[in-house]
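File shown: final-v2.tsv (TSV, C-alpha atoms and all ligand atoms).
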chain	number	residue	atom	x	y	z
A	5	MET	CA	-6.44	-20.47	17.18
A	6	THR	CA	-3.02	-19.74	18.65
A	7	VAL	CA	-0.91	-22.78	19.49
A	8	GLY	CA	1.96	-22.18	21.96
A	9	ASN	CA	3.68	-18.96	20.89
A	10	ALA	CA	2.47	-19.24	17.29
A	11	ARG	CA	0.73	-16.17	15.90
A	12	PRO	CA	-1.69	-15.93	12.99
A	13	GLY	CA	0.38	-15.29	9.90
A	14	ASP	CA	3.39	-17.34	11.06
A	15	ARG	CA	3.01	-19.81	8.22
A	16	MET	CA	3.13	-16.92	5.80
A	17	ARG	CA	6.11	-15.36	7.59
A	18	THR	CA	7.99	-18.66	7.26
A	19	ALA	CA	7.09	-19.00	3.59
A	20	LEU	CA	8.20	-15.41	2.88
A	21	ALA	CA	11.50	-16.02	4.67
A	22	ARG	CA	12.18	-18.97	2.35
A	23	LEU	CA	11.73	-17.00	-0.87
A	24	PRO	CA	14.83	-15.70	-2.64
A	25	ARG	CA	15.26	-12.03	-1.75
A	26	VAL	CA	17.70	-9.20	-2.40
A	27	ASP	CA	18.40	-6.29	-0.08
A	28	LEU	CA	17.06	-3.00	-1.42
A	29	GLY	CA	17.17	-1.34	1.97
A	30	VAL	CA	13.61	-2.14	3.01
A	31	THR	CA	13.39	-2.14	6.79
A	32	VAL	CA	10.32	-1.90	9.02
A	33	THR	CA	8.59	1.31	7.89
A	34	PRO	CA	7.14	3.66	10.53
A	35	CYS	CA	3.50	3.51	11.56
A	36	GLU	CA	2.55	6.81	13.18
A	37	HIS	CA	-0.49	8.51	14.64
A	38	LEU	CA	-1.56	11.60	12.67
A	39	SER	CA	-2.88	13.58	15.62
A	40	ARG	CA	-3.28	16.97	13.94
A	41	LEU	CA	-4.96	15.48	10.87
A	42	SER	CA	-7.26	13.31	13.05
A	43	ALA	CA	-8.27	16.33	15.13
A	44	HIS	CA	-8.82	18.44	12.02
A	45	LEU	CA	-11.09	15.85	10.41
A	46	GLY	CA	-12.94	15.22	13.68
A	47	GLY	CA	-13.70	11.54	12.99
A	48	PRO	CA	-11.63	8.42	13.55
A	49	ASP	CA	-8.06	8.23	14.80
A	50	VAL	CA	-5.92	8.20	11.67
A	51	TYR	CA	-2.53	6.47	11.55
A	52	ILE	CA	-0.15	6.36	8.63
A	53	LYS	CA	1.96	3.44	7.41
A	54	ARG	CA	5.01	5.03	5.78
A	55	ASP	CA	5.63	2.60	2.92
A	56	ASP	CA	6.60	5.68	0.93
A	57	LEU	CA	9.86	5.18	2.86
A	58	ALA	CA	10.22	1.46	1.99
A	59	GLY	CA	13.78	1.28	0.66
A	60	GLY	CA	14.60	4.92	1.49
A	61	PRO	CA	13.17	8.37	0.79
A	62	LEU	CA	12.78	7.66	-2.94
A	63	GLY	CA	11.42	4.15	-2.46
A	64	GLY	CA	7.80	3.13	-2.08
A	65	ASN	CA	5.46	0.16	-2.29
A	66	LYS	CA	7.20	-1.34	-5.32
A	67	THR	CA	10.59	-1.54	-3.60
A	68	ARG	CA	9.06	-3.86	-0.99
A	69	MET	CA	7.92	-6.09	-3.88
A	70	LEU	CA	11.14	-5.83	-5.85
A	71	GLU	CA	13.22	-7.33	-3.04
A	72	TYR	CA	11.45	-10.65	-3.76
A	73	VAL	CA	10.79	-10.20	-7.48
A	74	LEU	CA	14.42	-9.38	-8.33
A	75	GLY	CA	15.58	-11.98	-5.79
A	76	LYS	CA	13.84	-14.56	-7.94
A	77	ALA	CA	15.12	-13.02	-11.18
A	78	ILE	CA	18.72	-13.15	-9.96
A	79	ALA	CA	18.27	-16.71	-8.64
A	80	ASP	CA	17.11	-17.56	-12.19
A	81	GLY	CA	20.33	-16.06	-13.61
A	82	ALA	CA	19.04	-12.71	-14.93
A	83	ASP	CA	21.58	-9.98	-15.75
A	84	THR	CA	19.13	-7.66	-17.57
A	85	VAL	CA	15.62	-6.40	-16.86
A	86	VAL	CA	13.03	-5.07	-19.29
A	87	GLY	CA	9.87	-3.34	-18.13
A	88	GLY	CA	7.76	-0.29	-18.64
A	89	SER	CA	4.70	1.68	-17.79
A	90	ALA	CA	3.76	5.37	-17.95
A	91	ALA	CA	6.51	8.00	-18.35
A	92	GLN	CA	6.29	9.08	-14.71
A	93	SER	CA	5.91	5.53	-13.37
A	94	ASN	CA	7.05	4.98	-9.81
A	95	TYR	CA	7.39	1.25	-10.51
A	96	SER	CA	9.82	1.83	-13.37
A	97	ARG	CA	11.79	4.34	-11.31
A	98	GLN	CA	12.11	1.95	-8.36
A	99	LEU	CA	13.00	-0.84	-10.80
A	100	ALA	CA	15.74	1.32	-12.34
A	101	ALA	CA	17.08	2.17	-8.87
A	102	ALA	CA	17.06	-1.49	-7.83
A	103	CYS	CA	18.87	-2.51	-11.02
A	104	ALA	CA	21.55	0.13	-10.40
A	105	ARG	CA	22.00	-1.16	-6.87
A	106	LEU	CA	22.17	-4.80	-7.98
A	107	GLY	CA	24.30	-4.28	-11.11
A	108	LEU	CA	21.56	-5.35	-13.54
A	109	GLU	CA	21.11	-3.70	-16.95
A	110	CYS	CA	17.72	-1.97	-17.05
A	111	HIS	CA	15.68	-1.24	-20.20
A	112	LEU	CA	12.44	0.72	-19.94
A	113	VAL	CA	9.79	1.38	-22.58
A	114	LEU	CA	7.63	4.21	-21.28
A	115	ARG	CA	4.30	5.59	-22.52
A	116	ARG	CA	3.79	9.32	-22.92
A	117	ILE	CA	0.41	10.08	-21.37
A	118	ARG	CA	0.77	13.89	-21.08
A	119	PRO	CA	2.21	16.51	-23.46
A	120	SER	CA	4.97	17.28	-20.93
A	121	ASP	CA	6.05	13.65	-20.58
A	122	ASP	CA	9.29	14.17	-22.52
A	123	VAL	CA	10.49	16.75	-19.99
A	124	LEU	CA	13.30	15.31	-17.91
A	125	GLN	CA	11.66	15.63	-14.47
A	126	GLY	CA	10.43	13.48	-11.61
A	127	SER	CA	10.71	9.72	-12.08
A	128	LEU	CA	11.83	9.97	-15.71
A	129	LEU	CA	14.80	12.10	-14.67
A	130	LEU	CA	15.69	9.58	-11.98
A	131	ASP	CA	15.35	6.62	-14.41
A	132	ARG	CA	18.00	8.24	-16.56
A	133	LEU	CA	20.17	9.17	-13.58
A	134	TYR	CA	20.08	5.52	-12.42
A	135	GLY	CA	21.40	4.55	-15.86
A	136	ALA	CA	18.31	2.89	-17.34
A	137	VAL	CA	18.08	2.74	-21.13
A	138	VAL	CA	14.78	4.53	-21.82
A	139	GLU	CA	12.63	4.36	-24.95
A	140	MET	CA	9.56	6.63	-25.14
A	141	ILE	CA	6.48	5.59	-27.11
A	142	GLY	CA	2.89	6.84	-27.55
A	143	ASP	CA	0.03	6.02	-25.18
A	144	ASP	CA	-0.67	2.53	-26.48
A	145	ARG	CA	-0.50	-0.30	-23.94
A	146	THR	CA	-0.72	-3.07	-26.56
A	147	GLY	CA	2.04	-1.47	-28.61
A	148	GLN	CA	4.13	-1.12	-25.46
A	149	THR	CA	3.81	-4.82	-24.62
A	150	SER	CA	4.74	-5.81	-28.21
A	151	ARG	CA	7.79	-3.54	-28.10
A	152	LEU	CA	8.87	-4.99	-24.73
A	153	VAL	CA	8.48	-8.56	-26.00
A	154	GLU	CA	10.53	-7.67	-29.10
A	155	LEU	CA	13.19	-5.87	-27.00
A	156	ALA	CA	13.56	-8.82	-24.60
A	157	ALA	CA	14.02	-11.20	-27.56
A	158	GLU	CA	16.60	-8.84	-29.13
A	159	LEU	CA	18.58	-8.70	-25.86
A	160	GLU	CA	18.43	-12.49	-25.52
A	161	ARG	CA	19.81	-12.87	-29.04
A	162	ARG	CA	22.72	-10.74	-27.82
A	163	GLY	CA	23.33	-13.23	-25.00
A	164	ARG	CA	21.64	-11.41	-22.13
A	165	VAL	CA	19.58	-13.31	-19.56
A	166	VAL	CA	16.44	-11.20	-19.40
A	167	TYR	CA	13.92	-10.81	-16.60
A	168	ARG	CA	10.55	-9.53	-17.89
A	169	ALA	CA	8.93	-7.13	-15.44
A	170	PRO	CA	5.24	-6.16	-15.68
A	171	GLN	CA	3.98	-4.77	-18.92
A	172	ALA	CA	6.58	-7.06	-20.59
A	173	SER	CA	5.00	-10.02	-18.76
A	174	ASP	CA	2.29	-10.48	-16.12
A	175	ARG	CA	3.69	-13.83	-14.99
A	176	ASP	CA	5.10	-12.62	-11.67
A	177	LYS	CA	2.17	-10.48	-10.57
A	178	PRO	CA	1.20	-13.07	-7.90
A	179	LEU	CA	4.76	-12.87	-6.54
A	180	HIS	CA	4.43	-9.07	-6.31
A	181	ALA	CA	1.25	-9.58	-4.28
A	182	ALA	CA	2.81	-12.29	-2.11
A	183	ALA	CA	5.74	-9.99	-1.34
A	184	TYR	CA	3.41	-7.21	-0.31
A	185	ALA	CA	1.59	-9.42	2.19
A	186	SER	CA	4.76	-8.90	4.27
A	187	GLY	CA	3.73	-5.26	4.71
A	188	ALA	CA	0.37	-6.21	6.19
A	189	LEU	CA	2.01	-8.61	8.65
A	190	GLU	CA	4.45	-5.86	9.61
A	191	LEU	CA	1.55	-3.46	10.28
A	192	LEU	CA	-0.24	-6.06	12.41
A	193	ASP	CA	2.93	-6.56	14.51
A	194	GLN	CA	3.26	-2.80	14.98
A	195	THR	CA	-0.36	-2.16	15.88
A	196	ALA	CA	-0.49	-5.18	18.21
A	197	ALA	CA	2.61	-3.92	20.03
A	198	ALA	CA	1.04	-0.45	20.35
A	199	GLY	CA	-2.36	-1.85	21.42
A	200	VAL	CA	-4.10	-0.25	18.43
A	201	ASP	CA	-7.14	-2.04	17.04
A	202	VAL	CA	-7.30	-1.14	13.35
A	203	THR	CA	-10.79	-1.18	11.82
A	204	HIS	CA	-9.99	0.19	8.35
A	205	VAL	CA	-7.03	0.45	5.98
A	206	TYR	CA	-7.06	2.87	3.03
A	207	VAL	CA	-4.59	2.43	0.18
A	208	SER	CA	-4.06	3.55	-3.38
A	209	SER	CA	-3.92	0.42	-5.51
A	210	LEU	CA	-5.20	-1.12	-8.68
A	211	ASP	CA	-4.19	-4.72	-8.09
A	212	THR	CA	-0.97	-6.20	-6.63
A	213	THR	CA	-0.67	-3.95	-3.57
A	214	HIS	CA	-4.35	-4.45	-2.84
A	215	ALA	CA	-4.15	-8.23	-3.28
A	216	GLY	CA	-1.06	-8.53	-1.07
A	217	LEU	CA	-2.44	-6.38	1.72
A	218	LEU	CA	-5.78	-8.18	1.68
A	219	LEU	CA	-4.12	-11.57	1.88
A	220	GLY	CA	-1.67	-10.44	4.59
A	221	LEU	CA	-4.44	-8.90	6.73
A	222	ARG	CA	-6.62	-12.01	6.50
A	223	SER	CA	-3.75	-14.45	7.03
A	224	GLY	CA	-2.54	-12.34	9.93
A	225	GLY	CA	-5.95	-12.66	11.60
A	226	SER	CA	-7.17	-9.08	11.07
A	227	ALA	CA	-10.78	-8.34	10.20
A	228	ALA	CA	-9.99	-4.72	9.24
A	229	THR	CA	-11.80	-3.46	6.15
A	230	LEU	CA	-9.34	-2.80	3.33
A	231	ARG	CA	-10.55	-0.06	0.99
A	232	ALA	CA	-8.44	0.34	-2.13
A	233	ILE	CA	-8.76	3.44	-4.26
A	234	SER	CA	-7.94	2.69	-7.84
A	235	PRO	CA	-5.74	5.14	-9.78
A	236	ASN	CA	-7.14	3.63	-13.01
A	237	GLU	CA	-10.54	3.63	-14.65
A	238	ARG	CA	-12.86	0.67	-14.06
A	239	ALA	CA	-12.45	-0.74	-17.60
A	240	ILE	CA	-8.69	-1.21	-17.23
A	241	PHE	CA	-8.78	-4.99	-17.80
A	242	PRO	CA	-10.37	-6.03	-21.10
A	243	ASP	CA	-11.71	-9.38	-19.86
A	244	ARG	CA	-12.30	-9.13	-16.09
A	245	THR	CA	-13.27	-6.76	-13.32
A	246	ILE	CA	-10.74	-5.22	-10.93
A	247	GLU	CA	-12.36	-7.27	-8.13
A	248	GLU	CA	-11.84	-10.52	-10.09
A	249	GLU	CA	-8.20	-9.65	-10.78
A	250	VAL	CA	-7.43	-8.73	-7.14
A	251	ALA	CA	-9.10	-11.94	-5.91
A	252	ARG	CA	-7.17	-14.00	-8.47
A	253	LEU	CA	-3.84	-12.43	-7.50
A	254	ALA	CA	-4.51	-12.81	-3.77
A	255	THR	CA	-5.49	-16.44	-4.17
A	256	GLU	CA	-2.48	-17.24	-6.39
A	257	ALA	CA	-0.22	-15.44	-3.91
A	258	ALA	CA	-1.72	-17.56	-1.09
A	259	ARG	CA	-0.98	-20.70	-3.09
A	260	LEU	CA	2.58	-19.51	-3.72
A	261	LEU	CA	3.06	-18.99	0.03
A	262	GLY	CA	1.42	-22.30	0.91
A	263	VAL	CA	-1.39	-20.77	2.97
A	264	SER	CA	-4.97	-21.84	2.64
A	265	ASP	CA	-6.64	-18.40	2.44
A	266	ARG	CA	-8.92	-17.99	-0.56
A	267	ILE	CA	-10.06	-14.52	-1.57
A	268	VAL	CA	-13.16	-14.13	-3.75
A	269	PRO	CA	-14.26	-11.00	-5.65
A	270	ILE	CA	-16.91	-10.15	-3.05
A	271	ASP	CA	-14.11	-9.76	-0.43
A	272	VAL	CA	-12.55	-7.02	-2.56
A	273	ASP	CA	-13.45	-3.34	-1.94
A	274	THR	CA	-12.25	-1.21	-4.83
A	275	SER	CA	-13.40	2.31	-5.60
A	276	THR	CA	-12.88	3.99	-8.95
A	277	ASP	CA	-14.75	7.11	-7.82
A	278	PHE	CA	-11.61	9.18	-7.26
A	279	VAL	CA	-9.78	8.62	-10.57
A	280	GLY	CA	-11.12	11.80	-12.18
A	281	GLU	CA	-11.21	11.98	-15.96
A	282	ARG	CA	-8.58	9.29	-16.43
A	283	TYR	CA	-5.43	7.77	-14.92
A	284	GLY	CA	-3.08	10.58	-13.93
A	285	ALA	CA	-5.69	13.37	-14.03
A	286	ILE	CA	-5.39	15.85	-11.19
A	287	THR	CA	-8.64	16.13	-9.22
A	288	GLU	CA	-9.82	18.86	-6.86
A	289	GLU	CA	-10.39	16.35	-4.04
A	290	ALA	CA	-6.85	14.97	-4.42
A	291	MET	CA	-5.43	18.48	-4.37
A	292	GLU	CA	-7.36	19.28	-1.21
A	293	ALA	CA	-6.07	16.07	0.44
A	294	MET	CA	-2.49	16.91	-0.61
A	295	ARG	CA	-2.72	20.33	1.02
A	296	LEU	CA	-4.40	18.92	4.12
A	297	PHE	CA	-1.77	16.23	4.76
A	298	ALA	CA	1.05	18.67	4.01
A	299	ARG	CA	-0.32	21.46	6.22
A	300	THR	CA	-1.36	19.38	9.24
A	301	GLU	CA	1.41	16.72	9.23
A	302	ALA	CA	4.08	17.70	6.67
A	303	ILE	CA	3.26	14.46	4.85
A	304	VAL	CA	3.73	14.80	1.09
A	305	LEU	CA	1.31	12.82	-1.06
A	306	ASP	CA	1.55	12.37	-4.81
A	307	PRO	CA	-1.28	13.54	-7.08
A	308	VAL	CA	-1.64	10.33	-9.14
A	309	TYR	CA	-1.93	7.69	-6.41
A	310	SER	CA	-1.73	8.45	-2.70
A	311	ALA	CA	-3.64	11.76	-2.80
A	312	LYS	CA	-6.59	10.03	-4.45
A	313	ALA	CA	-6.69	7.44	-1.63
A	314	ALA	CA	-6.43	10.27	0.89
A	315	ALA	CA	-9.28	12.07	-0.87
A	316	ALA	CA	-11.44	8.97	-0.38
A	317	LEU	CA	-10.50	8.84	3.30
A	318	VAL	CA	-11.46	12.49	3.79
A	319	ALA	CA	-14.74	11.99	1.87
A	320	ASP	CA	-15.62	8.91	3.93
A	321	ILE	CA	-15.03	10.79	7.19
A	322	ARG	CA	-17.13	13.73	6.01
A	323	SER	CA	-19.98	11.48	4.89
A	324	GLY	CA	-20.00	9.59	8.23
A	325	ARG	CA	-18.97	6.30	6.64
A	326	LEU	CA	-16.06	6.44	9.12
A	327	GLY	CA	-16.78	7.65	12.65
A	328	PRO	CA	-15.05	8.36	15.97
A	329	ASP	CA	-15.19	4.67	16.98
A	330	ASP	CA	-13.08	3.67	13.97
A	331	THR	CA	-9.31	3.50	13.77
A	332	VAL	CA	-7.92	3.96	10.29
A	333	VAL	CA	-4.51	3.31	8.80
A	334	PHE	CA	-3.73	5.37	5.72
A	335	TRP	CA	-1.21	3.32	3.75
A	336	HIS	CA	1.23	5.69	2.03
A	337	THR	CA	2.59	4.00	-1.09
A	338	GLY	CA	5.03	6.72	-2.20
A	339	GLY	CA	5.25	8.64	-5.48
A	340	LEU	CA	7.12	11.73	-4.25
A	341	PRO	CA	8.85	12.57	-7.60
A	342	ALA	CA	5.43	13.14	-9.23
A	343	VAL	CA	5.02	16.26	-7.09
A	344	PHE	CA	7.79	17.84	-9.17
A	345	ALA	CA	6.82	16.30	-12.51
A	346	TYR	CA	3.22	17.54	-12.12
A	347	ALA	CA	4.19	20.92	-10.59
A	348	ASP	CA	2.50	22.94	-13.35
A	349	GLU	CA	-0.85	21.21	-12.70
A	350	LEU	CA	-0.87	21.36	-8.89
A	351	VAL	CA	-2.95	23.93	-7.04
A	352	VAL	CA	-1.09	24.85	-3.88
A	353	GLU	CA	-2.18	28.39	-2.96
B	401	LIG	C1	2.78	5.53	-5.51
B	401	LIG	C2	1.97	4.35	-5.95
B	401	LIG	N1	0.92	3.98	-5.21
B	401	LIG	C3	0.14	2.94	-5.56
B	401	LIG	C4	0.39	2.20	-6.71
B	401	LIG	C5	-0.55	1.11	-7.09
B	401	LIG	O1	-0.02	-0.15	-6.90
B	401	LIG	P1	-0.55	-1.43	-7.67
B	401	LIG	O2	0.20	-1.45	-8.95
B	401	LIG	O3	-0.17	-2.52	-6.78
B	401	LIG	O4	-1.97	-1.33	-7.88
B	401	LIG	C6	1.49	2.54	-7.52
B	401	LIG	C7	1.76	1.79	-8.75
B	401	LIG	O5	2.59	2.09	-9.54
B	401	LIG	C8	2.30	3.63	-7.12
B	401	LIG	O6	3.34	4.00	-7.86
Please go through the file and, once you have read it, give me the structure as structure tokens.
Amino acid sequence: MTVGNARPGDRMRTALARLPRVDLGVTVTPCEHLSRLSAHLGGPDVYIKRDDLAGGPLGGNKTRMLEYVLGKAIADGADTVVGGSAAQSNYSRQLAAACARLGLECHLVLRRIRPSDDVLQGSLLLDRLYGAVVEMIGDDRTGQTSRLVELAAELERRGRVVYRAPQASDRDKPLHAAAYASGALELLDQTAAAGVDVTHVYVSSLDTTHAGLLLGLRSGGSAATLRAISPNERAIFPDRTIEEEVARLATEAARLLGVSDRIVPIDVDTSTDFVGERYGAITEEAMEAMRLFARTEAIVLDPVYSAKAAAALVADIRSGRLGPDDTVVFWHTGGLPAVFAYADELVVE
């Protein structure tokens, strides 16, 4: 129910505005109709939400989150950040960029997941350019977390005030999700102003992006179906399903923002059908989607994340799961540097 000029989602907007936040250059990202792609696919109208541009051309979904996450870290007195993920991680690269911009010392422990992961290319090259201190280790998530915990303690012994980003600590994952709900509210404002009734949103996400978007859509009064395409295999969490984790994060984010929405696993639509052999594997469907977006709209997708979500969108249009009466938003999360880091594996002819 709308009271006076109040809109659904206003409570969440107010709560977000009260959170500590730093400026990483995130402004309202474009939402555009992809007319040539829509005509080519011959199904629903497809729009794109350009969160690949959140925080600039080398930003992405994580920069939207980091404005709040590092806002909190700085409010808590942090002068140093430790974090890590895979060697070509977009999160780590956006974290390193944010730290450079904010004058924080950044330490990354990165996992090699491919033989070419020591080559200074893509996000790894940018991490170093932004001045992050980078340590490379083997592909062992447990070992990575232990090393990050040890590194944070070492830095604290040297007098640094350390913020532990994911992989070093999962504590602020609900804040990442809460921050991303802002993107969903932004989309709802844009589509309402344009008179577009969105029925489906497609996004590449394992957990926090998915949880934030789901919460923001529901809180903002949208009934659009959110379909998240996981970049990771189904067994990623040792003790819970992806659906349970997304529901937990969304619900904790709701609590953090003081809204009453509760998300349960059955509300969560996650597909692991487009991962391929493993996280980071290049698939034929993703390659086809990359070429299609590039050749109809000059939109560059990355092979690890956004192209796999685009592959699902294309497959769902071809199978009739999405039809001409639907209106879809493809949520672009970024990842551009991976195009260069994975150049030798891409099929572009
Ligand atoms: C380009 C891109 N898209 C999507 C995701 C998935 O986001 P989440 O970690 O919220 O599942 C990531 C995560 O690193 C990413 O880099």
Nearest to ligand LIG 401 (chain B) by atom-to-atom distance, counting all atoms listed in the file, from A:Ile233, A:Ala102, A:Val332, A:Ala21: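 Of the candidates, the smallest distance to ligand LIG 401 (chain B) is held by A:Ile233.
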Top pick for closest residue to ligand LIG 401 (chain B), considering A:Asp330, A:Glu249, A:Glu256, A:Glu353 and counting only C-alpha atoms and all ligand atoms: A:Glu249
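Using only C-alpha atoms and all ligand atoms as the basis for the distance check, residues found within 6 Å of ligand LIG 401 (chain B) are Asn94, Tyr95, Ser208, Ser209, Leu210, Asp211, Thr212, Thr213, Tyr309, Ser310, Thr337, Gly338 and Gly339 of chain A.
Atom CA of A:Ala313 is positioned 19.0 Å from atom CA of A:Ala43.
Taking atom CA of A:Leu261 and atom CA of A:Met16 as endpoints, the distance between them is 6.1 Å.
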Please report, as lines of an AutoDock Vina configuration file, the centre and edge lengths in Å to one decimal of an axis-aligned box covering all listed atoms of stretch 310-313 of chain A with 4 Å per side.
center_x = -4.2
center_y = 9.6
center_z = -3.0
size_x = 13.0
size_y = 12.3
size_z = 10.8
Top pick for closest residue to A:Gln92, considering A:Gly13, A:Pro178, A:Gly126, A:Gly147 and counting all atoms listed in the file: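 Checking each of A:Gly13, A:Pro178, A:Gly126, A:Gly147 against A:Gln92, counting all atoms listed in the file, the winner is A:Gly126.
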